[in-house]
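For reference, the structure is listed below as structure tokens.
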Amino acid sequence: MSERRLRVDPIACTAHGLCAELLPELIDLDEWGYPVLTAPVPRRLAAAAARAVANCPTLALRLERT
Amino acid sequence: MIGPQQEATLAGVARLLSAPTEHGPGLAAHRAHFGPLPAPGEAGLIDPVTRSGLRGRGGAGFPTGRKIAAVAAAGGRPVVVANGCAGEPVSGKDHVLLELAPHLVLDGALAVATSLGADEVLLCVHRGDPIAPSLRVAVAERGEEGRAARLVEIPGRYAASEESALVNFINTGTARPTAKPPRPYERGVGGRPTMIANVETLAHVALVARYGADWFRAVGTADSPGTTLVTVGGAVAYPGVLEVALGTTLGEILELAGGRTGPVGALLVGGLGGGWLPAEPGAAVRLDHADLRKAGAALGVGTVLAMPAGVCGVTETARIASYLAAESARQCGPCMFGLPAVAADLWSLSGAAGDPMTIMRRLRRRLGLLPGRGACGHPDGFARFVRGALDTFADDFRGHAHGRPCPGDGRAWLRLPASGDSTPAGWR
């Protein structure tokens with residue numbers, strides 16, 4: 001099965017921080033409020049990751065299959 | 001007059017800069033010296049350039065043959081962009097090459113264009129570059145070769161000559177980097193696959209097209225074949241641009257530039273995105289991608305700057321870090337906020353403002369938050385530069401932390417341009 005990975009478009013991201021609230025297991029915020037990602041998404045968090053992606057106000061968060 | 005270039009010629013490594021300067025850089029003199037540019041064989045340029053082992057001379061050192069192949073594989077009608085912007089303020093080699101051998105660069109760009117079936121060739125330099133008018137003449141001299149070639153002038157910012165920034169400027173008029181993917185070889189100028197190469201890289205391609213891969217590999221190292229242009233500066237007798245065989249040691253390069261004018265503390269190699277090496281054992285390191293990386297620096301844009309022993313590494317690092325922070329395109333958070341924060345930490349260490357252990361811990365944590373988190377490599381190069389400084393100037397940093405007298409004489413060493421206009425207008 002293909003692996004899913006999180007990726008952020010660093011230009012589009014404006015540090016709303018919603019992703020870290022919705023997916024604290026994989027996303028931390030740095031001291032300036034920008035997400036630090038643990039890229040590979042384990043299966044059990046796939047739905048939560050999809051929700052974080054869908055709720056990003058600037059559509060900066062992506063979920064990619066590799 | 002025996003200058004650095006003549007000495008390099010005597011050492012038998014002049015290729016790009018081998019044409020006698022008294023005949024000028026015109027097309028007729030160029031053809032008389034180098035001979036006609038052969039049409040690429042049926043297999044095109046990908047095979048000879050790949051076998052030559054040529055790696056890009058714009059900083060990243062990516063294998064040029066693979067890059068041409070990637071553009072060819074992307075399909076469609078590609079565009080060729082020759083990058084002569086020399087975004088690194090400490091590098092002068094692209095400028096010298098464009099002044100002395102503009103037609104060698106255009107040969108390479110046109111040969112790549114022929115091989116790829118590209119109908120458009122763009123030569124990019126920084127806006128207001130004094131060589132722009134003579135380049136416009138050189139480009140016009142090649143007009144009859146059936147490809148639309150033109151000169152493009154790019155805003156004079158450090159990050160404006162990054163590949164995606166060049167493409168963005170040509171497409172939209174704003175020279176800020178864009179997010180990847182897509183990379184320019186997939187989708188670049190006008191949405192077409194775009195081959196972007198540094199002007200020196202293209203000049204080497206022009207020589208490989210004429211004389212072949214084996215000729216190219218006859219000098220240099222296995223990892224980094226051929227010759228390369230280096231900008232030598234700082235505490236040497238004849239600062240300037242030289243052509244040397246890759247594999248030449250940094251110490252030999254200082255000798256070719258007339259030797260050291262005094263005790264040297266450290267070497268800044270590969271531009272501001274490269275790294276620092278202590279003068280000893282740094283002088284014994286060879287100019288080679290693998291060797292320099294192993295030593296903690298990078299070949300980058302091929303600069304070798306000798307910092308005099310009396311200069312404080314802490315303050316100098318803080319100055320350069322502030323310059324690089326101001327050159328951020330301010331699009332990506334970690335670059336926009338992280339670079340000024342690290343620069344401020346360095347100034348705090350320099351001025352002993354606060355507990356040095358606390359500041360150093362914070363600085364190292366912040367450095368870890370930069371690589372891979374921007375749309376371009378600017379934060380990565382910045383982090384490499386500062387990390388290298390922490391190692392190379394460990395004694396200076398310890399001295400400042402313990403309140404010992406600073407070894408520097410208080411004077412700024414490296415000359416940096418004034419930072420450009422950081423508003424959006426500065427990128428247009």
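To be explicit about the labels: the chains of the structure tokens are called A, B, and onward in the order shown, and within each one the residues are counted from 1, while ligands get numbers from 1 in the order they are shown.
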Compute the set of chain A residues within 8 Å of chain B, using only C-alpha atoms, and express it as a ChimeraX atom specification.
-> /A:9-15,30,32,34
Tell me, which residues of segment 97-249 of chain B carry DSSP strand (DSSP E or B), written as a ChimeraX atom specification?
-> /B:120-126,148-154,194-198,220,225,227-234,236,240-245,249
Mind dumping the selected residues with N, CA and C atoms as an mmCIF file, in the first residue's frame?
data_model
loop_
_atom_site.group_PDB
_atom_site.id
_atom_site.type_symbol
_atom_site.label_atom_id
_atom_site.label_comp_id
_atom_site.auth_asym_id
_atom_site.auth_seq_id
_atom_site.Cartn_x
_atom_site.Cartn_y
_atom_site.Cartn_z
ATOM 1 N N GLU B 120 13.441 29.193 -27.898
ATOM 2 C CA GLU B 120 13.634 30.444 -27.186
ATOM 3 C C GLU B 120 14.792 30.311 -26.201
ATOM 4 N N VAL B 121 15.718 31.304 -26.232
ATOM 5 C CA VAL B 121 16.854 31.326 -25.313
ATOM 6 C C VAL B 121 16.853 32.670 -24.593
ATOM 7 N N LEU B 122 16.860 32.624 -23.257
ATOM 8 C CA LEU B 122 16.865 33.859 -22.469
ATOM 9 C C LEU B 122 18.145 33.929 -21.660
ATOM 10 N N LEU B 123 18.834 35.062 -21.747
ATOM 11 C CA LEU B 123 20.039 35.276 -20.949
ATOM 12 C C LEU B 123 19.697 36.278 -19.855
ATOM 13 N N CYS B 124 19.839 35.866 -18.590
ATOM 14 C CA CYS B 124 19.445 36.718 -17.467
ATOM 15 C C CYS B 124 20.653 37.307 -16.753
ATOM 16 N N VAL B 125 20.633 38.615 -16.534
ATOM 17 C CA VAL B 125 21.625 39.273 -15.679
ATOM 18 C C VAL B 125 20.868 40.222 -14.747
ATOM 19 N N HIS B 126 21.571 40.691 -13.702
ATOM 20 C CA HIS B 126 20.912 41.626 -12.794
ATOM 21 C C HIS B 126 20.691 42.978 -13.486
ATOM 22 N N ALA B 148 14.810 32.721 -31.073
ATOM 23 C CA ALA B 148 14.568 33.992 -30.415
ATOM 24 C C ALA B 148 15.420 34.045 -29.151
ATOM 25 N N ALA B 149 16.498 34.833 -29.189
ATOM 26 C CA ALA B 149 17.328 35.002 -28.001
ATOM 27 C C ALA B 149 17.148 36.423 -27.507
ATOM 28 N N ARG B 150 17.045 36.566 -26.190
ATOM 29 C CA ARG B 150 16.973 37.941 -25.680
ATOM 30 C C ARG B 150 17.549 38.012 -24.274
ATOM 31 N N LEU B 151 17.876 39.248 -23.906
ATOM 32 C CA LEU B 151 18.444 39.514 -22.600
ATOM 33 C C LEU B 151 17.321 39.909 -21.651
ATOM 34 N N VAL B 152 17.334 39.350 -20.437
ATOM 35 C CA VAL B 152 16.326 39.692 -19.439
ATOM 36 C C VAL B 152 17.052 40.245 -18.218
ATOM 37 N N GLU B 153 16.616 41.393 -17.721
ATOM 38 C CA GLU B 153 17.263 41.981 -16.547
ATOM 39 C C GLU B 153 16.402 41.759 -15.305
ATOM 40 N N ILE B 154 17.035 41.168 -14.295
ATOM 41 C CA ILE B 154 16.364 40.689 -13.084
ATOM 42 C C ILE B 154 16.644 41.656 -11.933
ATOM 43 N N THR B 194 11.592 23.987 -18.739
ATOM 44 C CA THR B 194 12.612 25.015 -18.871
ATOM 45 C C THR B 194 13.951 24.537 -18.342
ATOM 46 N N MET B 195 14.954 24.608 -19.209
ATOM 47 C CA MET B 195 16.313 24.252 -18.834
ATOM 48 C C MET B 195 16.999 25.505 -18.338
ATOM 49 N N ILE B 196 17.226 25.591 -17.019
ATOM 50 C CA ILE B 196 17.925 26.749 -16.459
ATOM 51 C C ILE B 196 19.325 26.306 -16.076
ATOM 52 N N ALA B 197 20.316 26.987 -16.582
ATOM 53 C CA ALA B 197 21.683 26.643 -16.217
ATOM 54 C C ALA B 197 22.485 27.909 -16.014
ATOM 55 N N ASN B 198 23.420 27.833 -15.100
ATOM 56 C CA ASN B 198 24.350 28.927 -14.869
ATOM 57 C C ASN B 198 25.170 29.184 -16.138
ATOM 58 N N GLY B 220 40.793 17.778 -13.622
ATOM 59 C CA GLY B 220 39.775 17.716 -12.575
ATOM 60 C C GLY B 220 39.832 16.394 -11.829
ATOM 61 N N PRO B 225 34.851 16.721 -12.411
ATOM 62 C CA PRO B 225 35.789 16.863 -13.528
ATOM 63 C C PRO B 225 35.820 18.268 -14.120
ATOM 64 N N THR B 227 37.553 22.103 -15.459
ATOM 65 C CA THR B 227 38.073 23.298 -14.788
ATOM 66 C C THR B 227 36.883 24.047 -14.206
ATOM 67 N N THR B 228 37.193 25.043 -13.392
ATOM 68 C CA THR B 228 36.122 25.885 -12.871
ATOM 69 C C THR B 228 36.654 27.289 -12.646
ATOM 70 N N LEU B 229 35.769 28.259 -12.721
ATOM 71 C CA LEU B 229 36.141 29.631 -12.397
ATOM 72 C C LEU B 229 36.014 29.814 -10.896
ATOM 73 N N VAL B 230 37.019 30.449 -10.304
ATOM 74 C CA VAL B 230 36.935 30.760 -8.878
ATOM 75 C C VAL B 230 37.139 32.254 -8.674
ATOM 76 N N THR B 231 36.403 32.798 -7.724
ATOM 77 C CA THR B 231 36.600 34.183 -7.313
ATOM 78 C C THR B 231 37.446 34.143 -6.054
ATOM 79 N N VAL B 232 38.650 34.686 -6.114
ATOM 80 C CA VAL B 232 39.537 34.669 -4.951
ATOM 81 C C VAL B 232 39.593 36.072 -4.377
ATOM 82 N N GLY B 233 39.450 36.187 -3.065
ATOM 83 C CA GLY B 233 39.438 37.517 -2.466
ATOM 84 C C GLY B 233 39.918 37.496 -1.029
ATOM 85 N N GLY B 234 39.825 38.638 -0.382
ATOM 86 C CA GLY B 234 40.305 38.756 0.985
ATOM 87 C C GLY B 234 41.793 39.022 0.996
ATOM 88 N N VAL B 236 44.672 38.276 -0.092
ATOM 89 C CA VAL B 236 45.588 37.769 -1.116
ATOM 90 C C VAL B 236 46.086 38.962 -1.941
ATOM 91 N N GLY B 240 40.711 38.359 -7.524
ATOM 92 C CA GLY B 240 40.116 38.368 -8.856
ATOM 93 C C GLY B 240 39.571 37.002 -9.214
ATOM 94 N N VAL B 241 39.351 36.808 -10.490
ATOM 95 C CA VAL B 241 38.754 35.557 -10.972
ATOM 96 C C VAL B 241 39.810 34.746 -11.710
ATOM 97 N N LEU B 242 39.909 33.470 -11.365
ATOM 98 C CA LEU B 242 40.885 32.554 -11.953
ATOM 99 C C LEU B 242 40.165 31.354 -12.528
ATOM 100 N N GLU B 243 40.800 30.695 -13.490
ATOM 101 C CA GLU B 243 40.301 29.391 -13.919
ATOM 102 C C GLU B 243 41.291 28.343 -13.447
ATOM 103 N N VAL B 244 40.800 27.366 -12.705
ATOM 104 C CA VAL B 244 41.673 26.323 -12.168
ATOM 105 C C VAL B 244 41.066 24.951 -12.457
ATOM 106 N N ALA B 245 41.916 23.930 -12.435
ATOM 107 C CA ALA B 245 41.407 22.568 -12.512
ATOM 108 C C ALA B 245 40.719 22.251 -11.199
ATOM 109 N N THR B 249 44.097 22.493 -4.612
ATOM 110 C CA THR B 249 43.804 22.754 -3.196
ATOM 111 C C THR B 249 43.540 24.243 -2.974
#
Among the residues of segment 95-324 of chain B, find those DSSP assigns to helix (DSSP H, G or I) from the backbone and print them as a PyMOL selection string.
-> chain B and resi 95-100+102-116+132-141+143-145+158-161+163-172+189-191+199-211+213-217+250-256+279-282+289-295+313-324
Find the residues near Leu324 of chain B: any atom within 9 Å, counting only C-alpha atoms, skip ones fewer than 3 places away on the same chain, and give them as an mmCIF file with N, CA and C atoms, in the first residue's frame.
data_model
loop_
_atom_site.group_PDB
_atom_site.id
_atom_site.type_symbol
_atom_site.label_atom_id
_atom_site.label_comp_id
_atom_site.auth_asym_id
_atom_site.auth_seq_id
_atom_site.Cartn_x
_atom_site.Cartn_y
_atom_site.Cartn_z
ATOM 1 N N TYR B 158 19.305 38.968 -3.639
ATOM 2 C CA TYR B 158 20.041 37.712 -3.463
ATOM 3 C C TYR B 158 19.235 36.514 -3.951
ATOM 4 N N LEU B 272 28.233 32.773 0.187
ATOM 5 C CA LEU B 272 27.596 32.854 1.504
ATOM 6 C C LEU B 272 26.754 31.609 1.776
ATOM 7 N N ARG B 319 27.184 39.866 11.173
ATOM 8 C CA ARG B 319 26.971 40.833 10.076
ATOM 9 C C ARG B 319 26.404 40.149 8.837
ATOM 10 N N ILE B 320 27.058 39.030 8.459
ATOM 11 C CA ILE B 320 26.628 38.347 7.240
ATOM 12 C C ILE B 320 25.235 37.746 7.440
ATOM 13 N N ALA B 321 24.973 37.230 8.642
ATOM 14 C CA ALA B 321 23.650 36.668 8.927
ATOM 15 C C ALA B 321 22.575 37.748 8.818
ATOM 16 N N GLU B 327 17.797 39.708 3.110
ATOM 17 C CA GLU B 327 17.583 39.301 1.720
ATOM 18 C C GLU B 327 16.498 38.237 1.578
ATOM 19 N N SER B 328 15.884 37.829 2.689
ATOM 20 C CA SER B 328 14.752 36.896 2.590
ATOM 21 C C SER B 328 13.656 37.524 1.733
ATOM 22 N N LEU B 339 15.307 33.661 10.290
ATOM 23 C CA LEU B 339 16.616 34.230 9.970
ATOM 24 C C LEU B 339 16.935 35.463 10.824
ATOM 25 N N PRO B 340 15.986 36.427 10.938
ATOM 26 C CA PRO B 340 16.276 37.560 11.818
ATOM 27 C C PRO B 340 16.474 37.129 13.277
ATOM 28 N N ALA B 343 19.968 35.803 13.545
ATOM 29 C CA ALA B 343 20.910 36.924 13.451
ATOM 30 C C ALA B 343 20.935 37.699 14.769
ATOM 31 N N HIS B 378 17.091 29.195 0.491
ATOM 32 C CA HIS B 378 17.712 30.287 1.245
ATOM 33 C C HIS B 378 17.869 29.965 2.734
ATOM 34 N N PHE B 382 21.498 29.476 4.696
ATOM 35 C CA PHE B 382 21.733 30.310 5.881
ATOM 36 C C PHE B 382 22.142 29.443 7.073
ATOM 37 N N SER B 419 21.400 46.031 1.545
ATOM 38 C CA SER B 419 20.270 45.158 1.256
ATOM 39 C C SER B 419 19.279 45.875 0.365
#
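Neighbouring residues of Ala20 of chain A at 10 Å or closer, counting only C-alpha atoms and skipping chain neighbours under 2 positions away, are A:His16, A:Gly17, A:Leu18, A:Leu22, A:Leu23, A:Pro24, A:Glu25, A:Leu26, A:Ile27, A:Asp28, A:Leu29, A:Gly33, A:Tyr34, A:Pro35, A:Val36, A:Leu37, A:Ala52.
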Nearest residue to Arg192 of chain B from the set B:Val71, B:Leu277, B:Leu207, B:Ile253 (distances using only C-alpha atoms) = B:Val71
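The smallest atom-to-atom distance between Arg5 of chain A and any of A:Leu59, A:Glu21, A:Arg65, A:Ala49, using only C-alpha atoms, is found for A:Arg65.
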